[in-house]
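Novice: Quick one: structure below, then a few questions.
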Amino acid sequence: MDFDHYTLYGMQASLYTGKVRAYMRRNHIPVLERGAGHPDFSAKIMPEIKRFIMPVIVTPNGEIIQDGSNILDYFEAHKIGHEPLRPDDPVVAAIAYLLELFGNEGLLRPAMHYRWNFDAENLHFLKRSFADVLPAGLDQKGQEQMFDFASGKMRKAAVAFGVTPETFETVEKSYAEFLGLLNTHLSRSYFMLGGEPTLADYGLFNPLYAHLSRDPKPADLMKQTAPYVYNWVERMNSPEQRDEHTIKDAPQKLFTAAELPQSLLNILTYVSEEYLAEMTAHIEFANDWLAQRPDLETGTSGMEKLSKRDIGRAEFKWRGHDIKTVVMPYRFYLLQRLQDHFDDASSENQTQIRGLFSKHDLEPFLDLRTSRRVERSDHLEVWGR
Ligand SMILES: N[C@@H](CCC(=O)N[C@@H](CS)C(=O)NCC(=O)O)C(=O)O
């Protein structure tokens with residue numbers, strides 16, 4: 001490429017690469033995409049970021065940024081994108097942060113279940129897709145072996161997110177309920193919070209694109225049962241300006257706090273039912289973990305290996321099951337974005353946000369906090385003071 005461009009390292013099948021690619025497309029940011037199996041990823045990127053993780057972008061002046069949310073923050077801060085990721089209305093912005101968190105982290109059970117528990121439908125396709133992250137030049141046998149290694153790791157991750165034979169049916173039921181709510185909402189509004197995409201859309205796009213609209217089994221399910229959701233996925237992923245006319249009276253602008261439609265409020269209630277117990281258990285677990293490590297140095301992750309992302313497993317009740325899921329400090333980093341927004345709001349706005357959150361059983365998301373903040377430094381999650 002002979003013009004200034006960004007390089008995006010990721011993978012078509014990668015959940016977290018999806019939102020960065022979509023944002024770059026929609027905001028017409030010139031990009032050269034490479035699979036994380038590209039030789040430069042191991043030679044130039046991994047030594048900087050110190051673990052195998054995507055997405056990563058390299059800016060035209062050589063800066064390396066890892067993490068989907070940090071990458072969108074970067075574009076927004078440098079006024080490189082034009083979309084209003086954070087709504088001006090403080091109440092609506094609080095919803096954007098909540099759905100950013102929930103989209104990134106709260107739909108991993110269906111995303112992993114529908115990818116890894118339907119081999120007859122998915123495996124042939126996934127083998128081809130995973131070539132993006134395999135080293136170049138492998139022969140057929142080498143490719144098979146590497147795929148088995150990578151997919152084995154991901155199957156274990158599915159279990160670590162609470163997907164086991166005992167929960168399969170409940171994962172399917174709860175995802176069907178979510179798809180139904182989302183389909184209704186997106187039959188009235190082109191985007192989650194009105195006429196333009198925000199952090200809420202980009203967060204949700206992560207699981208709803210690479211896994212749930214792209215892998216054969218869940219793609220069929222989405223197309224057959226939630227066509228408006230599939231349509232939103234296409235809209236989120238296309239660089240063309242669209243002159244939409246398919247939804248009557250769709251809002252052109254973002255909602256204000258006074259205009260929040262019932263279809264969106266129903267999704268907020270769902271977030272509480274699906275995710276509050278998990279977040280509560282994780283925060284408690286992390287606070288115990290921190291209490292046992294009073295000497296943990298500020299600016300470190302406390303992990304033996306830099307590649308490790310969880311500090312253990314916490315147990316909680318989820319839709320009638322006792323499940324245990326991995327506690328990842330990264331989730332608290334996203335939760336803090338909501339809480340920082342809340343803390344910075346005027347007392348009048350705080351009252352409004354609290355009122356809305358409490359109506360939908362979401363108030364603890366404003367108050368549940370780890371005793372030390374999670375920060376990102378040198379591309380890693382580390383503990384603050
Ligand atoms: N919060 C991170 C999450 C990144 C993440 O988990 N990426 C996955 C791919 S979608 C990954 O790199 N997995 C590699 C591995 O775990 O080995 C971000 O947005 O950057």
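Identifiers for the structure tokens are assigned positionally: chains receive A, B, ... in sequence, residues are indexed from 1 per chain, and ligands are indexed from 1 in the order shown.
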Please extract the residues at most 7 Å from ligand 1, counting only C-alpha atoms and all ligand atoms, and provide them as a list in words, using the chain letters and residue numbers of this document.
Specialist: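 Final answer, ordered by chain and number: Ser14, Leu15, Tyr16, Thr17, Phe52, Ile53, Met54, Pro55, Gln66, Asp67, Gly68, Ser69 and Tyr330 of chain A.
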Novice: Could you write out the selected residues, including C-alpha atoms, as an mmCIF file, in the first residue's frame?
Specialist:
data_model
loop_
_atom_site.group_PDB
_atom_site.id
_atom_site.type_symbol
_atom_site.label_atom_id
_atom_site.label_comp_id
_atom_site.auth_asym_id
_atom_site.auth_seq_id
_atom_site.Cartn_x
_atom_site.Cartn_y
_atom_site.Cartn_z
ATOM 1 C CA SER A 14 -12.113 -13.393 15.984
ATOM 2 C CA LEU A 15 -14.808 -12.031 18.219
ATOM 3 C CA TYR A 16 -12.895 -8.964 19.358
ATOM 4 C CA THR A 17 -11.440 -8.050 15.958
ATOM 5 C CA PHE A 52 -0.804 -13.712 21.786
ATOM 6 C CA ILE A 53 -3.900 -11.555 21.623
ATOM 7 C CA MET A 54 -5.846 -9.680 18.983
ATOM 8 C CA PRO A 55 -6.935 -7.179 17.736
ATOM 9 C CA GLN A 66 -3.920 -3.563 21.541
ATOM 10 C CA ASP A 67 -7.505 -3.957 22.764
ATOM 11 C CA GLY A 68 -10.673 -3.240 20.854
ATOM 12 C CA SER A 69 -11.999 -0.613 23.253
ATOM 13 C CA TYR A 330 -10.348 -6.950 31.984
#
Novice: Would you give me, as JSON lines, each residue of range 4-33 of chain A having an atom within 8 Å of an atom of range 219-240 of chain A, along with its shortest atom pair and that distance in Å to one decimal, using only C-alpha atoms and sorting by chain and residue number?
Specialist:
{"residue": "A:Arg21", "atom": "CA", "partner": "A:Asn237", "partner_atom": "CA", "distance": 7.8}
{"residue": "A:Ala22", "atom": "CA", "partner": "A:Asn237", "partner_atom": "CA", "distance": 4.8}
{"residue": "A:Tyr23", "atom": "CA", "partner": "A:Asn237", "partner_atom": "CA", "distance": 7.9}
{"residue": "A:Arg25", "atom": "CA", "partner": "A:Pro239", "partner_atom": "CA", "distance": 4.8}
{"residue": "A:Arg26", "atom": "CA", "partner": "A:Pro239", "partner_atom": "CA", "distance": 4.4}
{"residue": "A:Asn27", "atom": "CA", "partner": "A:Pro239", "partner_atom": "CA", "distance": 7.2}
{"residue": "A:His28", "atom": "CA", "partner": "A:Pro239", "partner_atom": "CA", "distance": 6.7}
Novice: Tell me which protein, DNA and RNA residues are within 10 Å of Glu166 in chain A, counting only C-alpha atoms, leaving out same-chain ones fewer than 5 positions away, and put them as a PDB file with N, CA and C atoms, in the first residue's frame.
Specialist:
ATOM      1  N   VAL A 171     -28.349 -22.201  27.896  1.00  0.00           N
ATOM      2  CA  VAL A 171     -27.634 -21.224  27.061  1.00  0.00           C
ATOM      3  C   VAL A 171     -28.470 -20.936  25.813  1.00  0.00           C
ATOM      4  N   HIS A 321     -28.778 -22.804  37.542  1.00  0.00           N
ATOM      5  CA  HIS A 321     -27.593 -23.675  37.603  1.00  0.00           C
ATOM      6  C   HIS A 321     -26.550 -23.046  38.521  1.00  0.00           C
ATOM      7  N   ILE A 323     -22.941 -22.350  38.516  1.00  0.00           N
ATOM      8  CA  ILE A 323     -21.829 -22.432  37.552  1.00  0.00           C
ATOM      9  C   ILE A 323     -20.618 -21.676  38.087  1.00  0.00           C
TER      10      ILE A 323
END
Novice: Near Leu32 in chain A, within 8 Å and counting only C-alpha atoms, which residues show up once chain neighbours fewer than 3 positions away are dropped, as a compact mmCIF listing (two decimals) with N, CA and C atoms, in the first residue's frame?
Specialist:
# COMPACT_ATOMS: atom_id res chain seq x y z
N MET A 1 0.86 -1.20 0.00
CA MET A 1 0.00 0.00 0.00
C MET A 1 0.89 1.24 0.00
N HIS A 5 -1.63 4.26 6.02
CA HIS A 5 -2.72 3.37 6.42
C HIS A 5 -2.40 2.77 7.78
N TYR A 6 -3.43 2.25 8.38
CA TYR A 6 -3.30 1.49 9.62
C TYR A 6 -3.18 0.02 9.23
N THR A 7 -2.47 -0.74 10.07
CA THR A 7 -2.46 -2.19 9.88
C THR A 7 -3.26 -2.80 11.02
N LEU A 8 -4.20 -3.66 10.68
CA LEU A 8 -4.99 -4.35 11.69
C LEU A 8 -4.59 -5.83 11.68
Novice: For Glu278 in chain A, please output as a list of chain:residue names all residues within 8 Å (counting only C-alpha atoms; exclusion window: fewer than 2 positions along the same chain).
Specialist: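 My reading of the contact set: A:Tyr275, A:Leu276, A:Thr280, A:Ala281, A:His282, A:Phe316, A:Lys317, A:Trp318.
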